[in-house]
Amino acid sequence: MDIAEKMNVFQDAVQVDPRVVAQEHMMTGENLYIPEKTVGAPFVDDPKMRMRDVNVFYGADQAIHGVSLDIGKNEVVALIGPSGCGKSTFLRCMNRMNDTIDICRVEGSLHLENQDIYDPKLDVVELRARVGMVFQKPNPFPKSIYDNVAYGPRIHGLANRKTDLDEIVENSLRKAGLWDEVKDRLNSSALALSGGQQQRLCIARALSTQPDVLLMDEPTGSIDPIATAKVEDLLQELSETGTIVIVTHNMQQAARISHRTAFMYLGEAMEFGDTNQIFTTPRHPRTESYITGRYG
Amino acid sequence: MQTGQLLLILAAMIVTAFIMGRHRALQVAQPLGGIRHLRSLPFYYAMRSAIWCALPALTVLVTWLVFDQTLIRIMVLDSLPTELQPVDGTARNLLISQIGNVASGALPTDFVDAAVANAAGRLNQLQSISAMAMAVVVIVLAMVGGAWAWLRVSARMPAREQVERVLLVVFMLCAVLAVVTTVGIVFSVLFESIRFFGQVPITDFLFGLNWSPQMALRADQVASEGAFGAVPLFAGTLLISAIALIVAVPVGLMSAIYLAEYAHSKVRSFAKPALEVLAGVPTVVYGFFAALTVAPFIRDVGQSLGLSVASESALAAGLVMGIMLIPFVSSLSDDVITAVPRAMRDASLGLGATRSETIKKVIFPAALPGIMGGILLAASRAIGETMIVVMAAGLAANLTANPLQAVTTITVQIVTLLTGDQEFDSAKTLAAFALGLMLFITTLLMNVVALHIVKKYREQYE
Amino acid sequence: MSVTTEQVRKTLARRYRAEKRFKAYGICAISIGLLALLLLFTDIIGKGYRAFYEYSVALQITFDPESLEIDDPRDLEQLQYGNYEAVVREALQARFPGVEGREGRRALAALVSTAAGYRLREMLENSPELLGQTRTLWLQLNDDADMFLKSSEAKRKTARLSDQQQTWMLELEQSDEVRAGFNHSLFTRGDSREPEQAGILGAILGSFFTMLVTLALSFPIGVAAAVYLEEFAPKNRFTDFIEVNINNLAAVPSIIFGLLGLAVFIGLFGMPRSVPLVGGLVLTLMTLPTIIISSRAAIKAVPPSIRQAAMGLGASKMQVVLQFVLPLALPGMLTGGIIGMAQALGETAPLLMIGMVAFIVELPAGAMDAATVLPVQVFLWASSPEQSFVTMTSAAIMVLMTFLITMNTLAVVMRKRLERRW
């Protein structure tokens, strides 16, 4: 993999140079109060995941500045914020997907049910089996629909028999609401599906290993509105049973499906609280300007 | 007059035409009130004059140079009395070289027939006439062209458009040269091959099991016709290419995977250029290495194991050819592997697959068409590779699948048939062209298929 | 702890073993490649470094008019037919007075290269007053004697010298009457049947003239073709056909180009064999696809905004191309050109077809003189039986590789330095 490619991956993170933005604000005369700590309620009792003082660097550039927050059990947390605020980077810390980028460095403590995610002894394969991920762009493998969903169970050895595997595939596809659409053509190529179907297939694939936490990086970011509606329905269903962290640009989406919402800005978590509260009575002036559409 | 001198004169004339054309354009522009009243910049008028001066003269010069020797030769031969007229191509070539030697003074006149000496005199005479005539025609053409362009300079003439049109045509001709080359290849091998198949039936050539192109000296000798069954050659070529690919494909592929997916950037920045050096080593060097180091080594090892190994074993040539192909396979594989979108890797890693699982189960299947195309290209290179086999493989056409024995290949036979003393038009030399035709057709098909696959594959991820 | 985690844990050991194994395969593969490179280079350098120096022997040479059969050293004819070997022979016999019989004397005389005679003649021609005088001269040894001195103790037993000759050589070596010096003839002479007198200058010059022709033709034509295809060619089937042709030609075996050269340039046009001009023409056709492909890539890399800016000012398409696109694309094109030249410089097979394998002693003075090229010289020497020629071959390869690596490095450096970031 070449450097340029890596740059692409995290260009989102460095697109906006914090200094430039800060300067812009000074020039426009806005004099906003910037708190040291995240306002709202970033912490919960007995969390599923606990993150403290997380800093992320890409080479010499710092993309995340001391973010601390908790993800509760069976709750849907939305990460919102303008592009380049580091929400995707933060999400990718939670299952160590940032490990795949050589120049990326993560500091701070991240725990999944009292287990340190960045413990050198922890097995990253095991971690990723427990913390699944869905990406912005649907990325099915160039294989059949069945093989796509069966990929995870197969590599992890979750099914001993063909019938077990069939069952896992069917259950995952049902959970992703795709079963009825594809049950007759499980052996046709996943690439033949529409964009929305592909994304639901990717969700089914992520669900196939029955992860404890599902990370979703703008799952509707590159599909059309109708497909988005279907995915959102699905997310709403999933939110009833599992822990989900979702990065989104779409505030309505965050409002519709999440229990709690974190607003991130320039690599910092500005505000974290109940979704209703954030969208109705934001406490942080930046949150307010973001959700009222002053920038983003 | 020497061609070199003529070219210098022509160059001087072109420069003069350029300068005069420019001067005239400025002159024309002056009464009108400056060069902006010209339709084109003075530079284009100058270029136009230069082109008019150069193009016709150069065209004639090149055509002349290409054809004068052939024409003169025919004229000289025609001047010979009938009893001396050559009966076949071989005799003709012999006679021509004899006349040439007499004409250049290498062979004293009293060694040859008086008629031949006369012909030599005629050759010299014709050559000097030709050279003079060429010089005169070229210079006159250049002068006329330049003068005409100079006279025609006027404010309203679209000089730029004309110059650009000429340039465009020249550019197009340059591009068409690729087609001309292909056509040239096809015709040069096809014509001689057809003549060869006139002497040796095509079925004997394609399916014959015996290859011994040595023509007997006397007609009553056994096998006076020579045997032209090319199957042992095809088999030998396949055997050596197969050994090469068995070495190159796994090593090249795994190197590419390791460098792309695992290697630390420091290792990569060292190993990649090193492999590129391997790719830049001339094939003759590999041939030397194969013949003087690898082949004796294999033979010694074989002997110590009690195996009988030929000193020009297929294994040695194949191994070294495999080494030659490693960087080729590795760079082609690297291209296709890195073309697999990152999203695929992320998806697999995100599900908890290890790197090797991701490579084996996702990246490799996705890159497979591209890799197949690359392997096909490598195979085509192996089949057409010449120097390694010429230096390290044998000459004897054994039909065997034993890599420890000596086999010969198509390219080895082409080289042996065409170097050394050649009798043009004999079945022996023509056979080389027939082999060349086979080689061209095979590699062409493989290349077309491979390039098509690779192109399709690239489009898939673009 | 979930069921999944438990199940995953069970598989982990096996999967990591597979991971390690796979990685090991990769390391193996890379090592094989690098090892092959190392082996190739050490083998060639190990064989070839000894060709860069040569041994000469100190002899008391008396320019005796009688032995030389020369009474007037200003008479060129006398000089030409002078018996210089006799003088050398006498000097050798004076050094080893005990040698008796024709056989022994011949064996003794064989130690010194025949090139010594030419050297004496040259000296006499330059300074006629030497006639009748005695000088201590360092004379070039014959290749077998030279190889003997260069060999290690163990290898000396297998040297191509008789026992008697070996004793002489050892005696000379112990009394410091032999010395090693830089092998000048390697870089100042053409081919020769005598290894100690053979040099690669002829081949280098041949390569130079061939490359000159190739460069002068392939670069302009390649760039023009690339410009046409990238900027002007209409999108039609003929253009596609040209492109398919170029891509295929890039993969056609080089020997086929040799057949083309033989049939067309030599057979049809009646051009002479073995000359750099024809070699250059054949190599031009062979390198054109490489140059066209890389030039097109360089042109493609010029951003359209620059074209649009120039066209917006009213420049014609041709002006835009010649004045903006070409200068910007030039570094990339030159890089491609150098790589194509390097490819042509190392090419052998097509040149064998057009007769550049002849044994040529004279140094070529132009593109129309019979010549050979470096890689062909390597091929020719590689098939010579003498041990010294193996050394010479390796030395020629080292020189060739030096040229090639320099060219490729130059290409890489140029690409890095001239690369423009838009």
# chains A, B, ... in the order shown; residues from 1 in each chain; ligands from 1
call {"tool": "residues_around", "arguments": {"residues": "range 146-160 of chain B", "least_positions_apart": "4", "cutoff": "10 Å", "atoms": "only C-alpha atoms", "output": "ChimeraX atom specification"}}
result
/B:13-14,16-18,20-29,32,35-54,140-142,164-166 /C:316,318-319
call {"tool": "write_last_selection", "arguments": {"atoms": "C-alpha atoms", "output": "compact mmCIF listing (two decimals), in the first residue's frame"}}
result
# COMPACT_ATOMS: atom_id res chain seq x y z
CA MET B 13 19.62 24.97 -46.75
CA ILE B 14 16.75 24.35 -44.37
CA THR B 16 18.60 29.36 -44.70
CA ALA B 17 15.02 28.78 -45.82
CA PHE B 18 13.85 29.37 -42.27
CA MET B 20 14.77 33.88 -45.32
CA GLY B 21 11.16 32.98 -44.79
CA ARG B 22 11.10 34.86 -41.55
CA HIS B 23 12.83 37.83 -43.10
CA ARG B 24 10.36 37.92 -45.95
CA ALA B 25 7.40 37.74 -43.58
CA LEU B 26 8.77 40.71 -41.66
CA GLN B 27 9.34 42.52 -44.94
CA VAL B 28 5.77 41.88 -46.03
CA ALA B 29 4.51 43.02 -42.64
CA LEU B 32 1.23 47.00 -43.47
CA ILE B 35 3.48 41.80 -37.75
CA ARG B 36 0.03 41.91 -36.25
CA HIS B 37 -1.27 42.52 -39.74
CA LEU B 38 0.05 39.15 -40.79
CA ARG B 39 -2.30 36.26 -40.52
CA SER B 40 0.29 34.19 -38.66
CA LEU B 41 3.41 34.97 -36.68
CA PRO B 42 6.59 35.33 -38.77
CA PHE B 43 7.82 32.13 -37.09
CA TYR B 44 5.15 30.16 -38.93
CA TYR B 45 6.09 31.66 -42.30
CA ALA B 46 9.67 30.68 -41.54
CA MET B 47 8.62 27.18 -40.53
CA ARG B 48 6.56 26.88 -43.67
CA SER B 49 9.54 27.76 -45.84
CA ALA B 50 11.72 25.32 -43.96
CA ILE B 51 9.15 22.54 -44.36
CA TRP B 52 8.84 23.18 -48.06
CA CYS B 53 12.57 23.08 -48.35
CA ALA B 54 12.99 19.95 -46.24
CA VAL B 140 17.48 21.15 -56.58
CA LEU B 141 14.32 19.99 -54.87
CA ALA B 142 15.27 21.74 -51.67
CA GLU B 164 0.20 22.69 -38.03
CA ARG B 165 -1.47 20.48 -40.59
CA VAL B 166 1.89 19.21 -41.79
CA SER C 316 -4.40 26.67 -31.19
CA MET C 318 -1.01 22.51 -31.65
CA GLN C 319 0.37 25.57 -29.87
call {"tool": "select_by_dssp", "arguments": {"residues": "range 199-347 of chain B", "states": "strand (DSSP E or B)", "output": "count of residues only"}}
result
4
call {"tool": "closest_residue", "arguments": {"among": "A:Gly177, A:Gly267, A:Pro47, A:Pro153", "to": "chain C", "atoms": "only C-alpha atoms"}}
result
A:Pro153
call {"tool": "interface_residues", "arguments": {"of": "chain A", "to": "chain C", "cutoff": "9 Å", "atoms": "only C-alpha atoms", "output": "PyMOL selection string"}}
result
chain A and resi 123+125-127+129-130+155-158+209-212
call {"tool": "write_last_selection", "arguments": {"atoms": "N, CA and C atoms", "output": "short mmCIF file (atom, residue, chain, number, x, y, z; two decimals), in the first residue's frame"}}
result
data_model
loop_
_atom_site.label_atom_id
_atom_site.label_comp_id
_atom_site.auth_asym_id
_atom_site.auth_seq_id
_atom_site.Cartn_x
_atom_site.Cartn_y
_atom_site.Cartn_z
N ASP A 123 -5.81 -9.96 21.45
CA ASP A 123 -5.76 -10.41 20.08
C ASP A 123 -6.70 -9.58 19.22
N VAL A 125 -7.68 -10.01 16.21
CA VAL A 125 -8.66 -10.81 15.47
C VAL A 125 -9.89 -11.06 16.33
N GLU A 126 -9.64 -11.42 17.57
CA GLU A 126 -10.73 -11.69 18.49
C GLU A 126 -11.54 -10.41 18.73
N LEU A 127 -10.79 -9.30 18.86
CA LEU A 127 -11.46 -8.03 19.11
C LEU A 127 -12.40 -7.69 17.96
N ALA A 129 -13.73 -9.64 15.87
CA ALA A 129 -14.88 -10.53 15.80
C ALA A 129 -15.97 -10.04 16.76
N ARG A 130 -15.55 -9.39 17.85
CA ARG A 130 -16.54 -8.90 18.82
C ARG A 130 -17.04 -7.51 18.48
N ILE A 155 -14.06 -17.97 8.54
CA ILE A 155 -12.69 -17.74 8.99
C ILE A 155 -12.59 -17.93 10.49
N HIS A 156 -13.67 -17.66 11.21
CA HIS A 156 -13.58 -17.80 12.66
C HIS A 156 -13.97 -19.20 13.11
N GLY A 157 -14.36 -20.02 12.19
CA GLY A 157 -14.74 -21.39 12.53
C GLY A 157 -15.98 -21.44 13.42
N LEU A 158 -16.97 -20.60 13.12
CA LEU A 158 -18.16 -20.53 13.97
C LEU A 158 -19.18 -21.61 13.63
N THR A 209 -21.09 -12.58 12.68
CA THR A 209 -20.25 -13.08 13.78
C THR A 209 -20.85 -12.73 15.13
N GLN A 210 -22.07 -12.24 15.12
CA GLN A 210 -22.77 -11.84 16.35
C GLN A 210 -21.90 -10.96 17.21
N PRO A 211 -21.52 -9.80 16.71
CA PRO A 211 -20.62 -8.93 17.47
C PRO A 211 -21.31 -8.31 18.66
N ASP A 212 -20.54 -7.98 19.70
CA ASP A 212 -21.09 -7.29 20.87
C ASP A 212 -21.40 -5.84 20.53
#
call {"tool": "interface_residues", "arguments": {"of": "chain B", "to": "chain A", "cutoff": "8 Å", "atoms": "only C-alpha atoms", "output": "ChimeraX atom specification"}}
result
/B:260-261,338,343-344,346-347,349-354,357,362,366
call {"tool": "residues_around", "arguments": {"residues": "Val390 in chain C", "least_positions_apart": "3", "cutoff": "12 Å", "atoms": "only C-alpha atoms", "output": "PyMOL selection string"}}
result
(chain B and resi 288-289+291-293) or (chain C and resi 43-51+143+147+195+377-387+393-397)
call {"tool": "closest_residue", "arguments": {"among": "C:Gly340, C:Leu161, C:Ala370, C:Gly222", "to": "chain B", "atoms": "only C-alpha atoms"}}
result
C:Gly222
call {"tool": "select_by_dssp", "arguments": {"residues": "range 76-253 of chain A", "states": "alpha helix (DSSP H)", "output": "PyMOL selection string"}}
result
chain A and resi 87-93+124-130+145-156+162-175+179-182+195-207+225-239+251-253
call {"tool": "closest_residue", "arguments": {"among": "C:His184, C:Arg193, C:Arg273, C:Lys150", "to": "chain B", "atoms": "only C-alpha atoms"}}
result
C:Arg273
call {"tool": "residues_around", "arguments": {"residues": "Tyr118 in chain C", "least_positions_apart": "4", "cutoff": "12 Å", "atoms": "only C-alpha atoms", "output": "number ranges by chain"}}
result
C: 79-85, 88, 113-114, 122-125, 139-140, 197
call {"tool": "residues_around", "arguments": {"residues": "Arg355 in chain B", "least_positions_apart": "3", "cutoff": "9 Å", "atoms": "only C-alpha atoms", "output": "mmCIF file with C-alpha atoms, in the first residue's frame"}}
result
data_model
loop_
_atom_site.group_PDB
_atom_site.id
_atom_site.type_symbol
_atom_site.label_atom_id
_atom_site.label_comp_id
_atom_site.auth_asym_id
_atom_site.auth_seq_id
_atom_site.Cartn_x
_atom_site.Cartn_y
_atom_site.Cartn_z
ATOM 1 C CA GLU B 261 0.994 -6.270 2.452
ATOM 2 C CA TYR B 262 3.606 -7.104 5.055
ATOM 3 C CA ARG B 345 -9.200 -5.214 2.809
ATOM 4 C CA SER B 348 -12.228 -8.421 5.704
ATOM 5 C CA LEU B 349 -9.994 -7.061 8.452
ATOM 6 C CA THR B 358 -7.623 -11.459 3.861
ATOM 7 C CA ILE B 359 -5.001 -12.017 1.172
ATOM 8 C CA LYS B 360 -5.866 -15.617 0.440
ATOM 9 C CA GLU C 19 -0.433 -16.443 9.262
#
call {"tool": "residues_around", "arguments": {"residues": "range 231-243 of chain A", "least_positions_apart": "2", "cutoff": "6 Å", "atoms": "only C-alpha atoms", "output": "list in words"}}
result
Lys73, Asn74, Glu75, Val76, Val213, Thr228, Ala229 and Ile257 of chain A
call {"tool": "atom_distance", "arguments": {"atom1": "CA of Leu130 in chain C", "atom2": "CA of Glu66 in chain C"}}
result
13.7 Å
call {"tool": "residues_around", "arguments": {"residues": "range 228-231 of chain C", "least_positions_apart": "6", "cutoff": "9 Å", "atoms": "only C-alpha atoms", "output": "tab-separated table (two decimals) with all heavy atoms, in the first residue's frame"}}
result
chain	number	residue	atom	x	y	z
B	168	LEU	N	0.77	17.73	-37.90
B	168	LEU	CA	-0.20	16.73	-37.48
B	168	LEU	C	-0.04	15.45	-38.30
B	168	LEU	O	-0.06	14.35	-37.76
B	168	LEU	CB	-1.61	17.29	-37.65
B	168	LEU	CG	-2.72	16.46	-37.02
B	168	LEU	CD1	-2.46	16.28	-35.54
B	168	LEU	CD2	-4.07	17.12	-37.24
B	171	PHE	N	3.00	13.69	-37.12
B	171	PHE	CA	2.71	13.01	-35.85
B	171	PHE	C	1.93	11.72	-36.12
B	171	PHE	O	2.19	10.67	-35.54
B	171	PHE	CB	1.89	13.91	-34.93
B	171	PHE	CG	2.68	15.02	-34.30
B	171	PHE	CD1	4.03	15.19	-34.61
B	171	PHE	CD2	2.11	15.88	-33.39
B	171	PHE	CE1	4.77	16.20	-34.04
B	171	PHE	CE2	2.83	16.89	-32.80
B	171	PHE	CZ	4.17	17.06	-33.13
B	172	MET	N	0.94	11.83	-37.02
B	172	MET	CA	0.10	10.67	-37.27
B	172	MET	C	0.94	9.55	-37.90
B	172	MET	O	0.80	8.39	-37.51
B	172	MET	CB	-1.04	11.04	-38.20
B	172	MET	CG	-2.13	10.00	-38.20
B	172	MET	SD	-3.34	10.33	-39.45
B	172	MET	CE	-2.47	9.81	-40.89
B	174	CYS	N	3.99	8.98	-37.44
B	174	CYS	CA	4.79	8.37	-36.38
B	174	CYS	C	3.98	7.33	-35.63
B	174	CYS	O	4.47	6.26	-35.29
B	174	CYS	CB	5.29	9.42	-35.40
B	174	CYS	SG	6.55	10.47	-36.11
B	175	ALA	N	2.70	7.66	-35.36
B	175	ALA	CA	1.86	6.70	-34.65
B	175	ALA	C	1.57	5.48	-35.51
B	175	ALA	O	1.51	4.36	-35.02
B	175	ALA	CB	0.56	7.38	-34.21
C	239	THR	N	-7.73	4.30	-34.47
C	239	THR	CA	-6.90	4.68	-33.33
C	239	THR	C	-6.79	3.51	-32.35
C	239	THR	O	-5.71	3.22	-31.82
C	239	THR	CB	-7.51	5.90	-32.63
C	239	THR	OG1	-7.74	6.90	-33.61
C	239	THR	CG2	-6.59	6.44	-31.57
C	242	ILE	N	-4.33	1.13	-33.66
C	242	ILE	CA	-2.95	1.57	-33.42
C	242	ILE	C	-2.54	1.24	-31.99
C	242	ILE	O	-1.47	0.71	-31.73
C	242	ILE	CB	-2.80	3.08	-33.68
C	242	ILE	CG1	-3.03	3.40	-35.15
C	242	ILE	CG2	-1.41	3.56	-33.25
C	242	ILE	CD1	-2.93	4.87	-35.47
C	243	GLU	N	-3.47	1.53	-31.06
C	243	GLU	CA	-3.13	1.29	-29.65
C	243	GLU	C	-2.89	-0.18	-29.37
C	243	GLU	O	-1.94	-0.55	-28.68
C	243	GLU	CB	-4.26	1.81	-28.76
C	243	GLU	CG	-4.22	3.31	-28.66
C	243	GLU	CD	-5.19	3.84	-27.63
C	243	GLU	OE1	-5.53	3.09	-26.71
C	243	GLU	OE2	-5.61	4.99	-27.78
C	296	ARG	N	3.04	8.74	-23.30
C	296	ARG	CA	1.60	8.97	-23.15
C	296	ARG	C	1.24	9.17	-21.70
C	296	ARG	O	0.42	10.03	-21.36
C	296	ARG	CB	0.82	7.79	-23.73
C	296	ARG	CG	0.87	7.73	-25.22
C	296	ARG	CD	-0.02	6.66	-25.75
C	296	ARG	NE	-1.42	7.01	-25.53
C	296	ARG	CZ	-2.41	6.28	-26.00
C	296	ARG	NH1	-2.18	5.18	-26.69
C	296	ARG	NH2	-3.65	6.65	-25.79
C	299	ILE	N	2.16	12.62	-20.76
C	299	ILE	CA	1.24	13.63	-21.29
C	299	ILE	C	-0.07	13.62	-20.50
C	299	ILE	O	-0.63	14.65	-20.17
C	299	ILE	CB	0.97	13.38	-22.78
C	299	ILE	CG1	2.25	13.60	-23.58
C	299	ILE	CG2	-0.14	14.28	-23.30
C	299	ILE	CD1	2.13	13.22	-25.03
C	300	LYS	N	-0.52	12.41	-20.17
C	300	LYS	CA	-1.76	12.28	-19.41
C	300	LYS	C	-1.67	12.98	-18.07
C	300	LYS	O	-2.67	13.46	-17.54
C	300	LYS	CB	-2.05	10.80	-19.18
C	300	LYS	CG	-3.26	10.30	-19.96
C	300	LYS	CD	-3.60	8.89	-19.54
C	300	LYS	CE	-4.25	8.18	-20.71
C	300	LYS	NZ	-3.83	6.80	-20.83
C	317	LYS	N	-4.72	24.32	-30.77
C	317	LYS	CA	-4.45	23.05	-30.09
C	317	LYS	C	-2.96	22.68	-30.21
C	317	LYS	O	-2.34	22.26	-29.24
C	317	LYS	CB	-5.33	21.98	-30.73
C	317	LYS	CG	-5.10	20.60	-30.19
C	317	LYS	CD	-6.12	20.24	-29.13
C	317	LYS	CE	-5.69	18.99	-28.41
C	317	LYS	NZ	-6.56	18.46	-27.46
C	321	VAL	N	-0.18	22.22	-27.27
C	321	VAL	CA	0.58	20.99	-27.09
C	321	VAL	C	2.08	21.27	-27.10
C	321	VAL	O	2.81	20.83	-26.23
C	321	VAL	CB	0.20	19.97	-28.17
C	321	VAL	CG1	1.17	18.80	-28.15
C	321	VAL	CG2	-1.21	19.49	-27.96
